[in-house]
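*Asks:* Take a look at the following structure, please.
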Amino acid sequence: MKDGLSNWLLERRIGGLLSHNSAVPILSFEFVPPRTDAMEQRLWHCIRHLAPLAPRFVSVTYGAGGTTQAGTLSTVLRLKRETDLVPAAHLTCVGATREYVDDLARCYRDAGVNHIVALRGDPPAGTADYSPRPGAYAYASDLVASLRRIADFDISVAAYPETHPTASSPDADLDNLKRKFDAGATRAITQYFFDSEIYLRFLERCLAAGITAPIIPGIMPVSNYEQIVRFSAVCGVTVPAWLRHLFDGTTKNPELRRIIASMVAVEQIRTLQTYGLNEFHVSTLNRSDLTYAIAHILGVRPTQTNASRNMTDLLETTEVPDDRETPANFDPTEGTQEGAPPFMLRTLFG
C-alpha cells in the first residue's frame, strides 16, 4: 500500500474502467435494518441475491440514539443463523448505559457474532449537541476498550477523510482515530467520498501519524443524486462538480442514473486499486441490483460457499418487487429516527 501511495505522490496513474489488469477486489456490504414488513422482504431479497458474491463481511447499521437496536440485533442474529455470511453488528454507546451495551455485546458473543462496528453514534433527534449520558461510554474509544475486555472481537471503527463536521480540527479528528486504534480497533471504515485524492491524502496523514491498520474506503453508489447532496451537506462530504454534471438531466431517467452510479463506483474502486488498495465497503441501501452490477464489472463472481443455507428455498418463492421497479424517490433512510440510516450517511463521531 505504501508503494502504491508513493507512486501516486510522484505521478498520478489512473487505470481504465474495464481494465483487466486489476485484481478482483475484496468487498463487504452494508445493510439497513427494516422498519416495515415490506422493507424486511426487500432486505432479505437483497441479502439472498448478494450472498453468493462471498463478501468478506456484511454490516447492519444502528439508528441515531440507538433507535433500531432491536432491528439490528434481530437482523444480525438471523444472518448468523440462516446464512454463511459473516455479520458485523453496528453498536453505538449514545443513549445507553455501559451495562446495557456490555450485555448486548455479550449477546453477540454468545451467538457467535465476532465482528462489531463500534461507534459513538448520533444523538437522538432534537438534541443539538452531543454530551455523554451519565453512566454511558462517552466515546467510541471507550467502547472499543470495553469490547476488548468482553471478548476477542474483530472491531471496526469509523474514519473521516474530510474530517468529522463537529471535530475541532483535522488533527483532533485524526487523534481521535488513533485513540480508537490504541484501544484495540482492528480496522477503520471511512465515511464515503467521491474524489479519490481526498482519501489518498487522508491515508498519507494516517501513515504519518503512525496509523498502519487497514483504512477501508467506504463506497456510496449514487442511486439518488438529490438525496446524496442533502446527506453530504450534513456529513461534511464534498459533492464534486463533475458528479453534478454527470447527473444533470437524469431526474426522469432512473435507468440512466443506475448506469452512471455503477460507472462512478467502479471507476472510483479501480482508481484506488491503482494505488495499492484492494478492499472496499459498499453501502447497498438494501438494493441488490446496483451493488451486484458493480461487483460483476469488478470481476466478482458468485460462489456456492456463501449461498444462504436455510432461507434460500423460502425466499425463492417470496414476491419482492424488482429493484428496477423502485420509485426514483424511494428513500430507505426516510424517518431516520425510526430506521437506521446507512452508516456512511451518518456522522457517527467517536
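Identifiers in the C-alpha cells: chain A, B, ... in order shown; residue index from 1 per chain; ligand index from 1 in order shown.
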When you look at range 164-175 of chain A with a cut-off of 9 Å (counting only C-alpha atoms), what residues show up, excluding the ones that are within fewer than 3 positions of it in the same chain? I need them as number ranges by chain.

*Replies:* A: 159-161, 178-180, 205-206, 209, 234-236, 347-349

*Asks:* Which residues come within 12 Å of Val101 in chain A, counting only C-alpha atoms, excluding same-chain residues fewer than 3 positions away, as an MDAnalysis selection string?

*Replies:* chainID A and resid 66 69 90:98 104:108 116 118:120 135:137 140 142:144 146:147 150

*Asks:* Select, from A:Gly249, A:Pro25, A:Gly299, A:Pro221, the residue with the minimum atom-to-atom distance to Leu272 in chain A, counting only C-alpha atoms.

*Replies:* A:Pro25

*Asks:* Tell me which protein, DNA and RNA residues are within 10 Å of Val58 in chain A, counting only C-alpha atoms, leaving out same-chain ones fewer than 5 positions away, and put them as a list in words.

*Replies:*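 The residues that qualify are Leu27, Ser28, Phe29, Glu30, Phe31, Ile47, Ala51, Val76, Leu79, Leu85, Val86, Pro87, Ala88, Ala89, His115, His281, Val282 and Ser283 of chain A.
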
*Asks:* So, counting only C-alpha atoms, which residue among A:Leu256, A:Ala241, A:Val113, A:Ile269 is closest to Pro217 in chain A?

*Replies:*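 The answer is A:Ile269, which sits nearest to Pro217 in chain A.
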
*Asks:* Identify all residues of range 90-171 of chain A in helix (DSSP H, G or I) (DSSP on the backbone) and supply them as number ranges by chain.

*Replies:* A: 98-110, 140-150, 170-171

*Asks:* Run DSSP on the backbone of this structure and report the residues of range 91-188 of chain A it assigns to strand (DSSP E or B), as a PyMOL selection string.

*Replies:* chain A and resi 91-92+115-119+154-159+187-188

*Asks:* Can you work out which one of A:Leu277, A:Val229, A:Ala213, A:Leu290 has the shortest atom-to-atom distance to Leu200 in chain A, counting only C-alpha atoms?

*Replies:*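 Closest candidate: A:Leu277.
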
*Asks:* What's the 9 Å shell around Arg148 in chain A, counting only C-alpha atoms, without same-chain residues fewer than 4 positions away, as a list in words?

*Replies:*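 Result of the neighbour search: Leu143, Val144, Asp152, Phe153, Ile155, Ala183, Gly184 and Ala185 of chain A.
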
*Asks:* Which residue out of A:Arg258, A:Arg149, A:Arg287, A:Arg270 has the minimum interatomic distance to Val32 in chain A when only C-alpha atoms are used?

*Replies:*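 Distance minimum relative to Val32 in chain A lands on A:Arg287.
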